[in-house]
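Right, one structure below, let's go through it.
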Amino acid sequence: MLLMKDIVRDGHPALRKKTEEVDFPLAEEDKKLLEEMKTFLINSQDEEIAEKYNLRGGVGIAAPQINVNKQFIVVHFEYEDILYSYQLINPKIISHSVEMAYLQGGEGCLSVDEEIEGNVVRYARITVRAFDIDGNKLKLRFRGYPAIVLQHEIDHLHGIMFYNHINKDNPFHIPENAKAIE
């Protein structure tokens with residue numbers, strides 16, 4: 001079972017590396033790792049389990065956050081009565097909106113212990129091409145909060161942290177074409 005001690009923290013070199021694409025079929029150990037990542041997210045959202053194992057709540061996790069140099073991301077959360085639960089391999093954003101969006105309360109990260117204030121401006125809508133755990137090709141569209149979550153995790157695969165998107169001179173700057181998401 002993955003625990004907070006397994007998650008590397010800001011400053012660890014794994015968080016700044018560009019990850020390697022993965023070939024199919026996936027090795028059994030890779031499938032097991034993807035399942036452990038998903039289980040961590042599910043457990044982190046369960047109050048009793050999270051308290052028992054001292055887990056911070058998370059909606060997404062990327063392989064570099066557990067010091068694995070592979071293009072794996074896992075998201076698991078409910079938004080507007082829809083469950084978004086994906087284990088994505090080699091995900092790529094293949095198109096995006098001109099319109100931008102940001103989370104009104106800012107973003108957080110399992111690998112960043114302190115709160116970093118500022119608007120993390122991202123695309124409001126994205127289309128992602130990826131593979132599932134069995135090697136099936138997927139083409140998924142996301143908008144609003146789910147799009148932001150996916151972009152955050154895909155950024156990890158390229159060594160980009162959420163705070164890299166915050167305007168250095170004016171952290172709470174809102175571009176003209178950006179909308180707030182609660």
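By convention here, the chains of the structure tokens are called A, B, ... in the order presented, each chain's residues are numbered starting at 1, and ligands are numbered starting at 1 in the order presented.
Those residues that approach Asn54 in chain A to within 12 Å, counting only C-alpha atoms, are A:Leu2, A:Leu3, A:Met4, A:Lys5, A:Phe40, A:Asn43, A:Ser44, A:Gln45, A:Asp46, A:Glu47, A:Glu48, A:Ile49; same-chain residues fewer than 5 positions away are not listed.
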Selection to disk with N, CA and C atoms, as a compact mmCIF listing (two decimals), in the first residue's frame:
# COMPACT_ATOMS: atom_id res chain seq x y z
N LEU A 2 0.59 2.16 -0.93
CA LEU A 2 1.34 3.41 -0.97
C LEU A 2 0.92 4.30 0.19
N LEU A 3 1.92 4.94 0.80
CA LEU A 3 1.69 5.87 1.91
C LEU A 3 2.36 7.20 1.58
N MET A 4 2.13 8.20 2.41
CA MET A 4 2.73 9.52 2.16
C MET A 4 4.25 9.43 2.11
N LYS A 5 4.85 8.52 2.87
CA LYS A 5 6.32 8.39 2.86
C LYS A 5 6.85 7.95 1.49
N PHE A 40 -4.29 4.25 -3.62
CA PHE A 40 -3.86 5.37 -2.77
C PHE A 40 -4.88 6.51 -2.85
N ASN A 43 -8.12 5.55 -1.07
CA ASN A 43 -7.89 5.57 0.38
C ASN A 43 -7.76 6.99 0.91
N SER A 44 -7.10 7.85 0.14
CA SER A 44 -6.86 9.22 0.60
C SER A 44 -8.16 10.02 0.69
N GLN A 45 -9.19 9.56 -0.02
CA GLN A 45 -10.49 10.24 -0.01
C GLN A 45 -11.46 9.62 1.00
N ASP A 46 -11.04 8.55 1.65
CA ASP A 46 -11.85 7.90 2.68
C ASP A 46 -11.38 8.43 4.04
N GLU A 47 -12.26 9.17 4.73
CA GLU A 47 -11.85 9.84 5.97
C GLU A 47 -11.20 8.90 6.98
N GLU A 48 -11.80 7.74 7.21
CA GLU A 48 -11.28 6.80 8.22
C GLU A 48 -9.90 6.27 7.82
N ILE A 49 -9.78 5.81 6.58
CA ILE A 49 -8.50 5.25 6.12
C ILE A 49 -7.44 6.35 6.08
Query raised in the report: In chain A, what's helix (DSSP H, G or I) per DSSP? Answer as JSON, numbers by chain?
Result: {"A": [4, 5, 6, 13, 14, 15, 16, 28, 29, 30, 31, 32, 33, 34, 35, 36, 37, 38, 39, 40, 41, 42, 43, 44, 47, 48, 49, 50, 51, 52, 53, 63, 64, 65, 66, 145, 146, 147, 148, 149, 150, 151, 152, 153, 154, 155, 156, 162, 163, 164, 165]}
Same residues, N, CA and C atoms, output as a compact mmCIF listing (two decimals), in the first residue's frame:
# COMPACT_ATOMS: atom_id res chain seq x y z
N MET A 4 2.13 8.20 2.41
CA MET A 4 2.73 9.52 2.16
C MET A 4 4.25 9.43 2.11
N LYS A 5 4.85 8.52 2.87
CA LYS A 5 6.32 8.39 2.86
C LYS A 5 6.85 7.95 1.49
N ASP A 6 5.98 7.36 0.67
CA ASP A 6 6.37 6.90 -0.66
C ASP A 6 6.34 8.01 -1.70
N PRO A 13 14.75 15.28 -7.48
CA PRO A 13 15.02 15.34 -8.92
C PRO A 13 14.01 14.61 -9.81
N ALA A 14 13.33 13.60 -9.30
CA ALA A 14 12.34 12.86 -10.11
C ALA A 14 11.20 13.78 -10.57
N LEU A 15 10.92 14.82 -9.79
CA LEU A 15 9.82 15.73 -10.14
C LEU A 15 10.17 16.70 -11.26
N ARG A 16 11.44 16.76 -11.63
CA ARG A 16 11.86 17.70 -12.68
C ARG A 16 12.32 17.00 -13.95
N GLU A 28 3.63 -6.93 -15.59
CA GLU A 28 2.74 -7.14 -14.43
C GLU A 28 3.06 -6.16 -13.31
N GLU A 29 4.35 -5.87 -13.12
CA GLU A 29 4.72 -4.94 -12.04
C GLU A 29 4.18 -3.53 -12.33
N ASP A 30 4.09 -3.15 -13.61
CA ASP A 30 3.53 -1.84 -13.96
C ASP A 30 2.03 -1.81 -13.69
N LYS A 31 1.34 -2.90 -14.03
CA LYS A 31 -0.11 -2.98 -13.76
C LYS A 31 -0.36 -2.89 -12.25
N LYS A 32 0.48 -3.58 -11.49
CA LYS A 32 0.35 -3.57 -10.03
C LYS A 32 0.58 -2.15 -9.50
N LEU A 33 1.57 -1.46 -10.04
CA LEU A 33 1.86 -0.10 -9.61
C LEU A 33 0.68 0.84 -9.90
N LEU A 34 0.10 0.72 -11.09
CA LEU A 34 -1.07 1.54 -11.44
C LEU A 34 -2.24 1.27 -10.50
N GLU A 35 -2.43 0.01 -10.12
CA GLU A 35 -3.49 -0.33 -9.17
C GLU A 35 -3.19 0.27 -7.79
N GLU A 36 -1.93 0.24 -7.37
CA GLU A 36 -1.53 0.82 -6.08
C GLU A 36 -1.75 2.33 -6.09
N MET A 37 -1.47 2.98 -7.21
CA MET A 37 -1.68 4.42 -7.33
C MET A 37 -3.17 4.76 -7.19
N LYS A 38 -4.01 3.97 -7.85
CA LYS A 38 -5.45 4.19 -7.77
C LYS A 38 -5.95 3.94 -6.34
N THR A 39 -5.47 2.87 -5.73
CA THR A 39 -5.87 2.55 -4.35
C THR A 39 -5.47 3.67 -3.40
N PHE A 40 -4.29 4.25 -3.62
CA PHE A 40 -3.86 5.37 -2.77
C PHE A 40 -4.88 6.51 -2.85
N LEU A 41 -5.29 6.88 -4.07
CA LEU A 41 -6.24 7.98 -4.22
C LEU A 41 -7.57 7.66 -3.55
N ILE A 42 -8.06 6.44 -3.75
CA ILE A 42 -9.32 6.03 -3.13
C ILE A 42 -9.21 6.10 -1.61
N ASN A 43 -8.12 5.55 -1.07
CA ASN A 43 -7.89 5.57 0.38
C ASN A 43 -7.76 6.99 0.91
N SER A 44 -7.10 7.85 0.14
CA SER A 44 -6.86 9.22 0.60
C SER A 44 -8.16 10.02 0.69
N GLU A 47 -12.26 9.17 4.73
CA GLU A 47 -11.85 9.84 5.97
C GLU A 47 -11.20 8.90 6.98
N GLU A 48 -11.80 7.74 7.21
CA GLU A 48 -11.28 6.80 8.22
C GLU A 48 -9.90 6.27 7.82
N ILE A 49 -9.78 5.81 6.58
CA ILE A 49 -8.50 5.25 6.12
C ILE A 49 -7.44 6.35 6.08
N ALA A 50 -7.81 7.53 5.57
CA ALA A 50 -6.86 8.64 5.48
C ALA A 50 -6.33 9.01 6.86
N GLU A 51 -7.21 9.04 7.84
CA GLU A 51 -6.77 9.39 9.20
C GLU A 51 -5.89 8.29 9.79
N LYS A 52 -6.29 7.04 9.59
CA LYS A 52 -5.54 5.91 10.14
C LYS A 52 -4.10 5.87 9.61
N TYR A 53 -3.94 6.14 8.29
CA TYR A 53 -2.61 6.04 7.67
C TYR A 53 -1.97 7.41 7.42
N ALA A 63 3.37 9.03 -11.86
CA ALA A 63 4.48 8.14 -11.50
C ALA A 63 5.72 8.86 -10.95
N PRO A 64 6.11 10.03 -11.50
CA PRO A 64 7.29 10.70 -10.92
C PRO A 64 7.13 11.02 -9.44
N GLN A 65 5.90 11.17 -8.97
CA GLN A 65 5.67 11.49 -7.57
C GLN A 65 6.00 10.32 -6.64
N ILE A 66 6.14 9.12 -7.22
CA ILE A 66 6.59 7.98 -6.43
C ILE A 66 7.93 7.48 -6.97
N TYR A 145 -13.02 21.68 -14.10
CA TYR A 145 -12.20 21.06 -13.05
C TYR A 145 -11.48 19.79 -13.52
N PRO A 146 -12.17 18.83 -14.16
CA PRO A 146 -11.45 17.64 -14.64
C PRO A 146 -10.30 17.98 -15.59
N ALA A 147 -10.48 18.97 -16.46
CA ALA A 147 -9.40 19.37 -17.37
C ALA A 147 -8.19 19.89 -16.59
N ILE A 148 -8.45 20.63 -15.53
CA ILE A 148 -7.36 21.16 -14.71
C ILE A 148 -6.61 20.03 -14.02
N VAL A 149 -7.35 19.07 -13.46
CA VAL A 149 -6.72 17.93 -12.79
C VAL A 149 -5.82 17.16 -13.76
N LEU A 150 -6.35 16.88 -14.95
CA LEU A 150 -5.57 16.13 -15.95
C LEU A 150 -4.31 16.90 -16.35
N GLN A 151 -4.43 18.20 -16.57
CA GLN A 151 -3.26 19.00 -16.95
C GLN A 151 -2.21 18.99 -15.84
N HIS A 152 -2.65 19.08 -14.59
CA HIS A 152 -1.73 19.05 -13.45
C HIS A 152 -0.91 17.75 -13.48
N GLU A 153 -1.60 16.62 -13.66
CA GLU A 153 -0.91 15.32 -13.64
C GLU A 153 -0.02 15.13 -14.87
N ILE A 154 -0.50 15.53 -16.04
CA ILE A 154 0.31 15.39 -17.25
C ILE A 154 1.56 16.27 -17.14
N ASP A 155 1.44 17.45 -16.53
CA ASP A 155 2.61 18.31 -16.30
C ASP A 155 3.71 17.57 -15.54
N HIS A 156 3.31 16.74 -14.56
CA HIS A 156 4.31 15.99 -13.78
C HIS A 156 5.18 15.11 -14.69
N PHE A 162 2.91 22.69 -10.59
CA PHE A 162 1.78 23.61 -10.76
C PHE A 162 2.18 25.06 -10.56
N TYR A 163 3.07 25.34 -9.61
CA TYR A 163 3.44 26.72 -9.32
C TYR A 163 4.26 27.36 -10.45
N ASN A 164 4.75 26.57 -11.40
CA ASN A 164 5.45 27.13 -12.56
C ASN A 164 4.49 27.92 -13.45
N HIS A 165 3.19 27.69 -13.29
CA HIS A 165 2.17 28.40 -14.08
C HIS A 165 1.70 29.70 -13.42
Just checking: using only C-alpha atoms, which residue out of A:Ile166, A:Val22, A:Leu88, A:Ala101 ends up closest to Asn69 in chain A?
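Nearest candidate to Asn69 in chain A out of A:Ile166, A:Val22, A:Leu88, A:Ala101: A:Val22.
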Could you name the residues that touch Asn90 in chain A at 8 Å or less, counting only C-alpha atoms, but leaving out those on the same chain fewer than 2 positions away, as a count of residues only? 8
